[in-house]
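J.: Sharing upload.tsv, TSV, C-alpha atoms:
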chain	number	residue	atom	x	y	z
W	999	MET	CA	-112.07	8.07	74.47
W	1000	LYS	CA	-111.50	11.64	75.59
W	1001	ALA	CA	-111.03	13.15	72.12
W	1002	LYS	CA	-113.81	15.47	70.98
W	1003	VAL	CA	-115.14	15.01	67.44
W	1004	LEU	CA	-117.08	17.48	65.33
W	1005	ILE	CA	-119.16	16.10	62.44
W	1006	VAL	CA	-119.85	18.64	59.68
W	1007	GLU	CA	-122.57	17.10	57.52
W	1008	ASP	CA	-125.78	18.61	56.12
W	1009	GLU	CA	-127.70	15.31	55.87
W	1010	LEU	CA	-129.24	14.41	59.23
W	1011	LEU	CA	-129.38	10.62	58.81
W	1012	ILE	CA	-125.79	10.40	57.60
W	1013	ALA	CA	-124.57	12.63	60.43
W	1014	GLU	CA	-126.40	10.53	63.03
W	1015	ASN	CA	-124.95	7.34	61.54
W	1016	HIS	CA	-121.42	8.74	61.86
W	1017	LYS	CA	-122.21	9.71	65.44
W	1018	ASP	CA	-123.48	6.20	66.25
W	1019	ASN	CA	-120.32	4.66	64.82
W	1020	LEU	CA	-118.07	7.01	66.76
W	1021	GLN	CA	-119.93	6.21	69.96
W	1022	SER	CA	-119.42	2.50	69.29
W	1023	PHE	CA	-115.67	3.23	69.08
W	1024	GLY	CA	-115.82	4.78	72.54
W	1025	PHE	CA	-116.07	8.49	71.70
W	1026	GLN	CA	-118.42	10.28	74.08
W	1027	GLN	CA	-117.98	13.96	73.17
W	1028	ILE	CA	-119.47	14.44	69.71
W	1029	LYS	CA	-121.19	17.44	68.13
W	1030	ILE	CA	-122.88	17.84	64.74
W	1031	ALA	CA	-122.82	20.98	62.57
W	1032	TYR	CA	-125.13	21.08	59.55
W	1033	SER	CA	-123.30	23.95	57.85
W	1034	ALA	CA	-119.89	25.60	57.79
W	1035	GLN	CA	-121.37	28.53	59.72
W	1036	GLU	CA	-122.46	26.24	62.57
W	1037	ALA	CA	-119.07	24.53	62.46
W	1038	PHE	CA	-117.20	27.80	62.96
W	1039	ILE	CA	-119.28	28.50	66.06
W	1040	LEU	CA	-118.59	25.03	67.46
W	1041	LEU	CA	-114.87	25.45	66.84
W	1042	GLU	CA	-114.89	28.08	69.57
W	1043	THR	CA	-117.48	26.65	71.95
W	1044	PHE	CA	-116.76	22.91	71.61
W	1045	GLN	CA	-113.06	23.01	70.62
W	1046	PRO	CA	-112.92	19.65	68.81
W	1047	ASP	CA	-109.81	17.48	68.45
W	1048	LEU	CA	-110.96	15.99	65.13
W	1049	ILE	CA	-113.39	16.94	62.35
W	1050	LEU	CA	-115.34	14.67	60.00
W	1051	LEU	CA	-116.18	16.92	57.06
W	1052	ASP	CA	-118.54	16.48	54.13
W	1053	VAL	CA	-116.91	18.07	51.09
W	1054	ARG	CA	-119.98	19.58	49.48
W	1055	LEU	CA	-122.48	20.45	52.20
W	1056	LYS	CA	-125.16	22.65	50.61
W	1057	VAL	CA	-122.67	24.30	48.26
W	1058	LYS	CA	-120.27	22.33	46.04
W	1059	THR	CA	-117.02	23.36	47.76
W	1060	GLU	CA	-118.35	24.66	51.08
W	1061	GLY	CA	-116.57	21.91	53.00
W	1062	ILE	CA	-113.24	22.58	51.30
W	1063	ASP	CA	-113.59	26.34	51.83
W	1064	PHE	CA	-114.24	25.64	55.51
W	1065	ALA	CA	-111.12	23.45	55.72
W	1066	LYS	CA	-108.98	26.14	54.06
W	1067	ALA	CA	-110.13	28.71	56.60
W	1068	LEU	CA	-109.59	26.17	59.36
W	1069	GLN	CA	-105.94	25.71	58.37
W	1070	LYS	CA	-105.22	29.35	59.09
W	1071	SER	CA	-106.77	29.47	62.55
W	1072	HIS	CA	-107.16	25.97	64.04
W	1073	PRO	CA	-104.59	23.16	63.56
W	1074	ILE	CA	-107.14	20.33	63.74
W	1075	PRO	CA	-107.02	17.08	61.73
W	1076	VAL	CA	-109.79	16.82	59.11
W	1077	ILE	CA	-111.19	13.62	57.60
W	1078	TYR	CA	-113.08	14.31	54.36
W	1079	LEU	CA	-116.23	12.37	53.55
W	1080	THR	CA	-117.66	12.56	50.04
W	1081	ALA	CA	-119.65	10.70	47.41
W	1082	HIS	CA	-117.77	12.60	44.68
W	1083	SER	CA	-114.17	11.94	43.69
W	1084	ASP	CA	-113.51	13.91	40.51
W	1085	GLN	CA	-109.90	15.03	40.07
W	1086	ALA	CA	-110.56	18.75	40.50
W	1087	ILE	CA	-112.17	18.17	43.89
W	1088	LEU	CA	-109.37	15.82	44.94
W	1089	ASP	CA	-106.75	18.41	43.99
W	1090	GLU	CA	-108.45	21.02	46.16
W	1091	ILE	CA	-108.74	18.56	49.06
W	1092	LEU	CA	-105.03	17.72	48.90
W	1093	LYS	CA	-104.13	21.40	49.21
W	1094	THR	CA	-105.67	21.39	52.70
W	1095	LYS	CA	-103.48	18.44	53.83
W	1096	PRO	CA	-106.31	16.18	55.04
W	1097	ALA	CA	-105.81	13.52	57.68
W	1098	ALA	CA	-107.81	11.11	55.48
W	1099	PHE	CA	-110.30	10.93	52.62
W	1100	LEU	CA	-113.19	8.46	52.71
W	1101	SER	CA	-115.74	7.78	50.00
W	1102	LYS	CA	-119.43	7.49	50.87
W	1103	PRO	CA	-120.99	5.26	51.92
W	1104	VAL	CA	-118.31	5.04	54.60
W	1105	ARG	CA	-117.66	1.59	56.03
W	1106	LYS	CA	-117.39	1.38	59.79
W	1107	SER	CA	-113.99	-0.34	59.68
W	1108	GLU	CA	-112.61	2.37	57.38
W	1109	LEU	CA	-113.88	5.11	59.67
W	1110	PHE	CA	-112.34	3.39	62.71
W	1111	SER	CA	-108.92	3.22	61.02
W	1112	ALA	CA	-109.06	6.78	59.68
W	1113	VAL	CA	-110.09	8.30	63.00
W	1114	ASN	CA	-107.35	6.53	64.92
W	1115	ILE	CA	-104.54	7.39	62.54
W	1116	ALA	CA	-105.68	11.01	62.42
W	1117	LEU	CA	-105.59	11.31	66.20
W	1118	ALA	CA	-102.30	9.41	66.44
W	1119	ASN	CA	-100.58	11.57	63.82
W	1120	PHE	CA	-101.79	14.87	65.23
W	1121	SER	CA	-101.21	14.05	68.88
W	1122	ASP	CA	-97.99	15.00	70.64
W	1123	SER	CA	-95.28	12.95	68.95
W	1124	SER	CA	-93.71	12.28	72.36
W	1125	ASN	CA	-96.84	10.38	73.26
W	1126	GLY	CA	-95.90	7.38	71.11
W	1127	ASP	CA	-99.50	6.25	71.37
W	1128	GLY	CA	-100.19	5.58	67.70
W	1129	ILE	CA	-99.64	2.16	66.14
W	1130	CYS	CA	-99.65	1.34	62.42
W	1131	LEU	CA	-99.68	-2.28	61.24
W	1132	GLU	CA	-98.90	-2.97	57.60
W	1133	GLU	CA	-98.81	-6.41	56.01
W	1134	GLY	CA	-99.60	-7.45	52.46
W	1135	GLY	CA	-101.05	-4.07	51.52
W	1136	THR	CA	-103.31	-3.91	54.58
W	1137	LYS	CA	-102.95	-1.02	57.00
W	1138	ILE	CA	-104.55	-0.84	60.41
W	1139	PHE	CA	-104.14	2.23	62.59
W	1140	PHE	CA	-105.02	2.38	66.26
W	1141	GLN	CA	-103.99	3.78	69.61
W	1142	LYS	CA	-102.23	1.22	71.77
W	1143	ARG	CA	-104.33	1.96	74.84
W	1144	ASP	CA	-107.41	0.79	72.90
W	1145	PHE	CA	-105.91	-2.58	71.88
W	1146	LEU	CA	-107.00	-5.53	74.05
W	1147	TYR	CA	-105.63	-8.66	72.40
W	1148	ALA	CA	-104.96	-10.45	69.11
W	1149	GLN	CA	-106.03	-13.97	68.22
W	1150	SER	CA	-104.42	-16.05	65.48
W	1151	ASN	CA	-106.74	-17.73	62.97
W	1152	GLY	CA	-104.72	-19.55	60.32
W	1153	ASN	CA	-103.12	-16.98	58.03
W	1154	TYR	CA	-105.14	-14.18	59.61
W	1155	ILE	CA	-105.18	-12.41	62.95
W	1156	GLN	CA	-108.24	-10.91	64.59
W	1157	LEU	CA	-107.46	-7.73	66.51
W	1158	TYR	CA	-109.80	-6.89	69.37
W	1159	PHE	CA	-110.23	-3.39	70.76
W	1160	LYS	CA	-112.17	-1.71	73.51
W	1161	ASN	CA	-115.91	-1.21	73.04
W	1162	GLN	CA	-116.28	-4.51	71.14
W	1163	THR	CA	-114.54	-3.28	67.99
W	1164	LYS	CA	-112.43	-5.75	66.00
W	1165	GLN	CA	-110.38	-5.87	62.80
W	1166	LEU	CA	-109.09	-8.80	60.72
W	1167	VAL	CA	-105.59	-8.57	59.20
W	1168	ARG	CA	-103.51	-10.99	57.14
W	1169	MET	CA	-100.16	-11.44	58.89
W	1170	THR	CA	-98.26	-13.79	61.18
W	1171	MET	CA	-98.10	-13.56	64.95
W	1172	GLU	CA	-94.33	-13.14	64.69
W	1173	ASN	CA	-94.69	-10.11	62.43
W	1174	LEU	CA	-97.41	-8.65	64.63
W	1175	GLN	CA	-95.24	-8.96	67.74
W	1176	LYS	CA	-92.29	-7.42	65.90
W	1177	THR	CA	-94.36	-4.54	64.57
W	1178	LEU	CA	-95.93	-3.73	67.93
W	1179	GLY	CA	-92.46	-3.53	69.46
W	1180	GLU	CA	-93.78	-2.67	72.92
W	1181	ALA	CA	-93.10	-4.34	76.27
W	1182	ASN	CA	-96.80	-3.96	77.10
W	1183	PHE	CA	-97.73	-6.26	74.22
W	1184	PHE	CA	-96.93	-9.83	75.20
W	1185	ARG	CA	-97.44	-13.18	73.47
W	1186	ILE	CA	-98.93	-15.44	76.12
W	1187	ASN	CA	-99.28	-18.56	73.92
W	1188	ARG	CA	-99.20	-19.65	70.26
W	1189	SER	CA	-102.51	-17.98	69.49
W	1190	HIS	CA	-102.71	-14.79	71.55
W	1191	ILE	CA	-100.88	-11.50	72.03
W	1192	VAL	CA	-102.30	-9.33	74.80
W	1193	ASN	CA	-102.02	-5.79	76.07
W	1194	LEU	CA	-100.73	-6.16	79.63
W	1195	GLU	CA	-102.36	-2.89	80.66
W	1196	HIS	CA	-105.78	-4.52	80.24
W	1197	VAL	CA	-105.10	-7.65	82.29
W	1198	GLN	CA	-107.76	-7.70	85.02
W	1199	LYS	CA	-106.66	-10.76	87.00
W	1200	VAL	CA	-103.98	-13.47	87.09
W	1201	LYS	CA	-104.62	-16.89	88.64
W	1202	ASN	CA	-103.00	-20.31	88.08
W	1203	LYS	CA	-101.44	-19.37	84.72
W	1204	ASN	CA	-104.77	-17.93	83.59
W	1205	ILE	CA	-105.52	-14.27	82.95
W	1206	TRP	CA	-108.65	-12.25	82.32
W	1207	ILE	CA	-109.00	-9.43	79.80
W	1208	ASP	CA	-112.35	-7.76	79.16
W	1209	ASP	CA	-113.87	-10.51	81.36
W	1210	LEU	CA	-112.54	-13.20	79.00
W	1211	LEU	CA	-110.31	-16.07	80.16
W	1212	PHE	CA	-106.92	-16.76	78.51
W	1213	SER	CA	-104.30	-19.38	79.35
W	1214	VAL	CA	-100.62	-18.39	79.56
W	1215	SER	CA	-98.19	-20.99	78.24
W	1216	PRO	CA	-96.02	-22.46	81.05
W	1217	ASN	CA	-92.96	-21.60	78.95
W	1218	TYR	CA	-93.93	-17.91	78.94
W	1219	PHE	CA	-95.40	-17.54	82.42
W	1220	ASP	CA	-92.30	-16.41	84.36
W	1221	VAL	CA	-91.48	-13.76	81.76
W	1222	PHE	CA	-95.14	-12.76	81.70
W	1223	LEU	CA	-95.05	-12.10	85.47
W	1224	GLU	CA	-91.89	-10.02	85.10
W	1225	ARG	CA	-93.53	-7.91	82.38
W	1226	MET	CA	-96.64	-7.50	84.53
W	1227	ASP	CA	-94.50	-6.23	87.41
W	1228	LYS	CA	-92.90	-3.63	85.13
W	1229	THR	CA	-96.29	-2.60	83.75
W	1230	SER	CA	-97.73	-2.01	87.23
W	1231	VAL	CA	-94.79	0.16	88.34
Could you write out this structure as structure tokens?

T.:
Amino acid sequence: MKAKVLIVEDELLIAENHKDNLQSFGFQQIKIAYSAQEAFILLETFQPDLILLDVRLKVKTEGIDFAKALQKSHPIPVIYLTAHSDQAILDEILKTKPAAFLSKPVRKSELFSAVNIALANFSDSSNGDGICLEEGGTKIFFQKRDFLYAQSNGNYIQLYFKNQTKQLVRMTMENLQKTLGEANFFRINRSHIVNLEHVQKVKNKNIWIDDLLFSVSPNYFDVFLERMDKTSV
């Protein structure tokens, strides 16, 4: 991913863990600031697209104070990370209009969702690159270019993304196809919906995505080829 992420966290091990997770999602341009002062410098020299921000840093509200100053000068989405969730802190966080708020320890799947919705919401709205799936109280946010394919597993669907990231959601294939609502997302058989932009090869009603083999149902194959032609234009 081309987006640049700035991690503002005063604990080295936690900051490095966030960096490792982001790299596993495909982010390559990542910087770490261990104080608000360092973060302000990196705002100018690194020019991040997204900030992961510890609320407290070395001072109780240093992270929030940084975000308030950021609002006035740099319109950048901020995801708050904190081990503390008392109401007074939450009220101050909400005033800064955060992209997300995650409690420590942060789970990798939660970070993946939060990062993608933040980038999708703050990107140019004409892009149309952000996807939100909601079913039974579950929300999954991602950018459509990162989606590879979905595989049905009973009442659940496993979503597979670039860089070996995956997410399990409870919904039907019909609802998933309806929610995606994009010509580039095509149901090739009863069990799989694929992103046509990631199809590597087509041969004898078989396709390859991420070096994996999938079979296209004979009933869908002609329409599949038509969609592929439109995708390649």

J.: Which residue is closest to Ala1148 in chain W? Choose from W:Ile1062, W:Ile1191, W:Phe1110, W:Leu1092 and count only C-alpha atoms.

T.: W:Ile1191

J.: Excluding same-chain residues fewer than 2 positions from range 1100-1106 of chain W, what lies within 6 Å of it counting all atoms listed in the file, as a short mmCIF file (atom, residue, chain, number, x, y, z; two decimals) with C-alpha atoms, in the coordinates of the input?

T.:
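Generated file (result_0.cif):
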data_model
loop_
_atom_site.label_atom_id
_atom_site.label_comp_id
_atom_site.auth_asym_id
_atom_site.auth_seq_id
_atom_site.Cartn_x
_atom_site.Cartn_y
_atom_site.Cartn_z
CA LEU W 1079 -116.23 12.37 53.55
CA THR W 1080 -117.66 12.56 50.04
CA ALA W 1081 -119.65 10.70 47.41
CA GLU W 1108 -112.61 2.37 57.38
CA LEU W 1109 -113.88 5.11 59.67
#

J.: Give the answer as one residue: which of W:Tyr1158, W:Leu1146, W:Val1221, W:Val1076 has the shortest atom-to-atom distance to Trp1206 in chain W, using only C-alpha atoms?

T.: W:Leu1146

J.: Just want the 7 Å neighbourhood of Ser1150 in chain W, counted on all atoms listed in the file, with same-chain residues fewer than 2 positions away dropped. Output as a ChimeraX atom specification.

T.: /W:1148,1152,1154-1156,1171,1189-1190

J.: For range 1000-1006 of chain W, find every residue with an atom within 7 Å (counting only C-alpha atoms), except residues of its own chain fewer than 3 positions away, and show them as a list of chain:residue names.

T.: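 Within the cut-off, the hits are W:Ala1013, W:Phe1025, W:Gln1027, W:Ile1028, W:Lys1029, W:Ile1030, W:Ala1031, W:Tyr1032, W:Ser1033, W:Ala1037, W:Pro1046, W:Asp1047, W:Leu1048, W:Ile1049, W:Leu1050, W:Leu1051, W:Asp1052.
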
J.: Give me the residues within 12 Å of Arg1188 in chain W as a ChimeraX atom specification, counting only C-alpha atoms and dropping any in the same chain fewer than 4 places off.

T.: /W:1148-1152,1155,1170-1172,1175,1184,1192,1212-1218

J.: May I ask for the distance between CA of His1016 in chain W and CA of Asp1208 in chain W, given in Å to one decimal place?

T.: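 CA of Asp1208 in chain W lies 25.6 Å from CA of His1016 in chain W.
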
J.: Measuring between all atoms listed in the file, which one of W:Pro1075, W:Ser1107, W:Met1226, W:Phe1145 shows the shortest distance to Lys1095 in chain W?

T.: W:Pro1075

J.: How would range 1070-1105 of chain W read, as a compact mmCIF listing (two decimals), keeping the file's coordinate frame, once N, CA and C atoms are built in?

T.:
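out.txt, written as the output of this step:
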# COMPACT_ATOMS: atom_id res chain seq x y z
N LYS W 1070 -105.85 28.09 58.69
CA LYS W 1070 -105.22 29.35 59.09
C LYS W 1070 -105.41 29.65 60.58
N SER W 1071 -106.45 29.08 61.17
CA SER W 1071 -106.77 29.47 62.55
C SER W 1071 -106.77 28.33 63.56
N HIS W 1072 -107.05 27.10 63.11
CA HIS W 1072 -107.16 25.97 64.04
C HIS W 1072 -106.45 24.75 63.48
N PRO W 1073 -105.31 24.35 64.04
CA PRO W 1073 -104.59 23.16 63.56
C PRO W 1073 -105.26 21.87 64.02
N ILE W 1074 -106.35 21.51 63.36
CA ILE W 1074 -107.14 20.33 63.74
C ILE W 1074 -107.17 19.35 62.58
N PRO W 1075 -106.95 18.06 62.82
CA PRO W 1075 -107.02 17.08 61.73
C PRO W 1075 -108.43 16.99 61.15
N VAL W 1076 -108.51 16.88 59.82
CA VAL W 1076 -109.79 16.82 59.11
C VAL W 1076 -109.84 15.54 58.28
N ILE W 1077 -110.92 14.78 58.44
CA ILE W 1077 -111.19 13.62 57.60
C ILE W 1077 -112.33 13.98 56.66
N TYR W 1078 -112.06 13.97 55.34
CA TYR W 1078 -113.08 14.31 54.36
C TYR W 1078 -113.97 13.10 54.06
N LEU W 1079 -115.25 13.37 53.92
CA LEU W 1079 -116.23 12.37 53.55
C LEU W 1079 -116.98 12.87 52.32
N THR W 1080 -116.99 12.08 51.24
CA THR W 1080 -117.66 12.56 50.04
C THR W 1080 -118.10 11.41 49.15
N ALA W 1081 -119.18 11.66 48.40
CA ALA W 1081 -119.65 10.70 47.41
C ALA W 1081 -119.08 11.04 46.04
N HIS W 1082 -118.31 12.13 45.96
CA HIS W 1082 -117.77 12.60 44.68
C HIS W 1082 -116.24 12.57 44.73
N SER W 1083 -115.62 12.07 43.67
CA SER W 1083 -114.17 11.94 43.69
C SER W 1083 -113.53 12.40 42.38
N ASP W 1084 -114.11 13.43 41.74
CA ASP W 1084 -113.51 13.91 40.51
C ASP W 1084 -112.17 14.58 40.82
N GLN W 1085 -111.28 14.61 39.85
CA GLN W 1085 -109.90 15.03 40.07
C GLN W 1085 -109.80 16.47 40.57
N ALA W 1086 -110.63 17.35 40.06
CA ALA W 1086 -110.56 18.75 40.50
C ALA W 1086 -110.84 18.88 41.98
N ILE W 1087 -111.85 18.14 42.46
CA ILE W 1087 -112.17 18.17 43.89
C ILE W 1087 -111.03 17.58 44.71
N LEU W 1088 -110.47 16.46 44.22
CA LEU W 1088 -109.37 15.82 44.94
C LEU W 1088 -108.15 16.75 45.04
N ASP W 1089 -107.88 17.48 43.97
CA ASP W 1089 -106.75 18.41 43.99
C ASP W 1089 -106.95 19.49 45.05
N GLU W 1090 -108.17 19.99 45.16
CA GLU W 1090 -108.45 21.02 46.16
C GLU W 1090 -108.36 20.44 47.58
N ILE W 1091 -108.82 19.21 47.75
CA ILE W 1091 -108.74 18.56 49.06
C ILE W 1091 -107.28 18.39 49.49
N LEU W 1092 -106.43 17.95 48.56
CA LEU W 1092 -105.03 17.72 48.90
C LEU W 1092 -104.31 19.00 49.33
N LYS W 1093 -104.75 20.13 48.82
CA LYS W 1093 -104.13 21.40 49.21
C LYS W 1093 -104.33 21.71 50.70
N THR W 1094 -105.38 21.13 51.28
CA THR W 1094 -105.67 21.39 52.70
C THR W 1094 -105.00 20.37 53.63
N LYS W 1095 -104.21 19.46 53.06
CA LYS W 1095 -103.48 18.44 53.83
C LYS W 1095 -104.41 17.66 54.77
N PRO W 1096 -105.34 16.92 54.22
CA PRO W 1096 -106.31 16.18 55.04
C PRO W 1096 -105.66 15.04 55.80
N ALA W 1097 -106.27 14.68 56.93
CA ALA W 1097 -105.81 13.52 57.68
C ALA W 1097 -106.21 12.23 56.97
N ALA W 1098 -107.33 12.27 56.24
CA ALA W 1098 -107.81 11.11 55.48
C ALA W 1098 -108.91 11.56 54.54
N PHE W 1099 -109.23 10.68 53.59
CA PHE W 1099 -110.30 10.93 52.62
C PHE W 1099 -111.07 9.64 52.46
N LEU W 1100 -112.35 9.65 52.78
CA LEU W 1100 -113.19 8.46 52.71
C LEU W 1100 -114.36 8.68 51.77
N SER W 1101 -114.63 7.68 50.93
CA SER W 1101 -115.74 7.78 50.00
C SER W 1101 -117.03 7.25 50.63
N LYS W 1102 -118.13 7.94 50.39
CA LYS W 1102 -119.43 7.49 50.87
C LYS W 1102 -119.96 6.39 49.96
N PRO W 1103 -120.70 5.43 50.49
CA PRO W 1103 -120.99 5.26 51.92
C PRO W 1103 -119.75 4.76 52.67
N VAL W 1104 -119.52 5.34 53.83
CA VAL W 1104 -118.31 5.04 54.60
C VAL W 1104 -118.52 3.76 55.42
N ARG W 1105 -117.59 2.82 55.24
CA ARG W 1105 -117.66 1.59 56.03
C ARG W 1105 -117.14 1.84 57.44
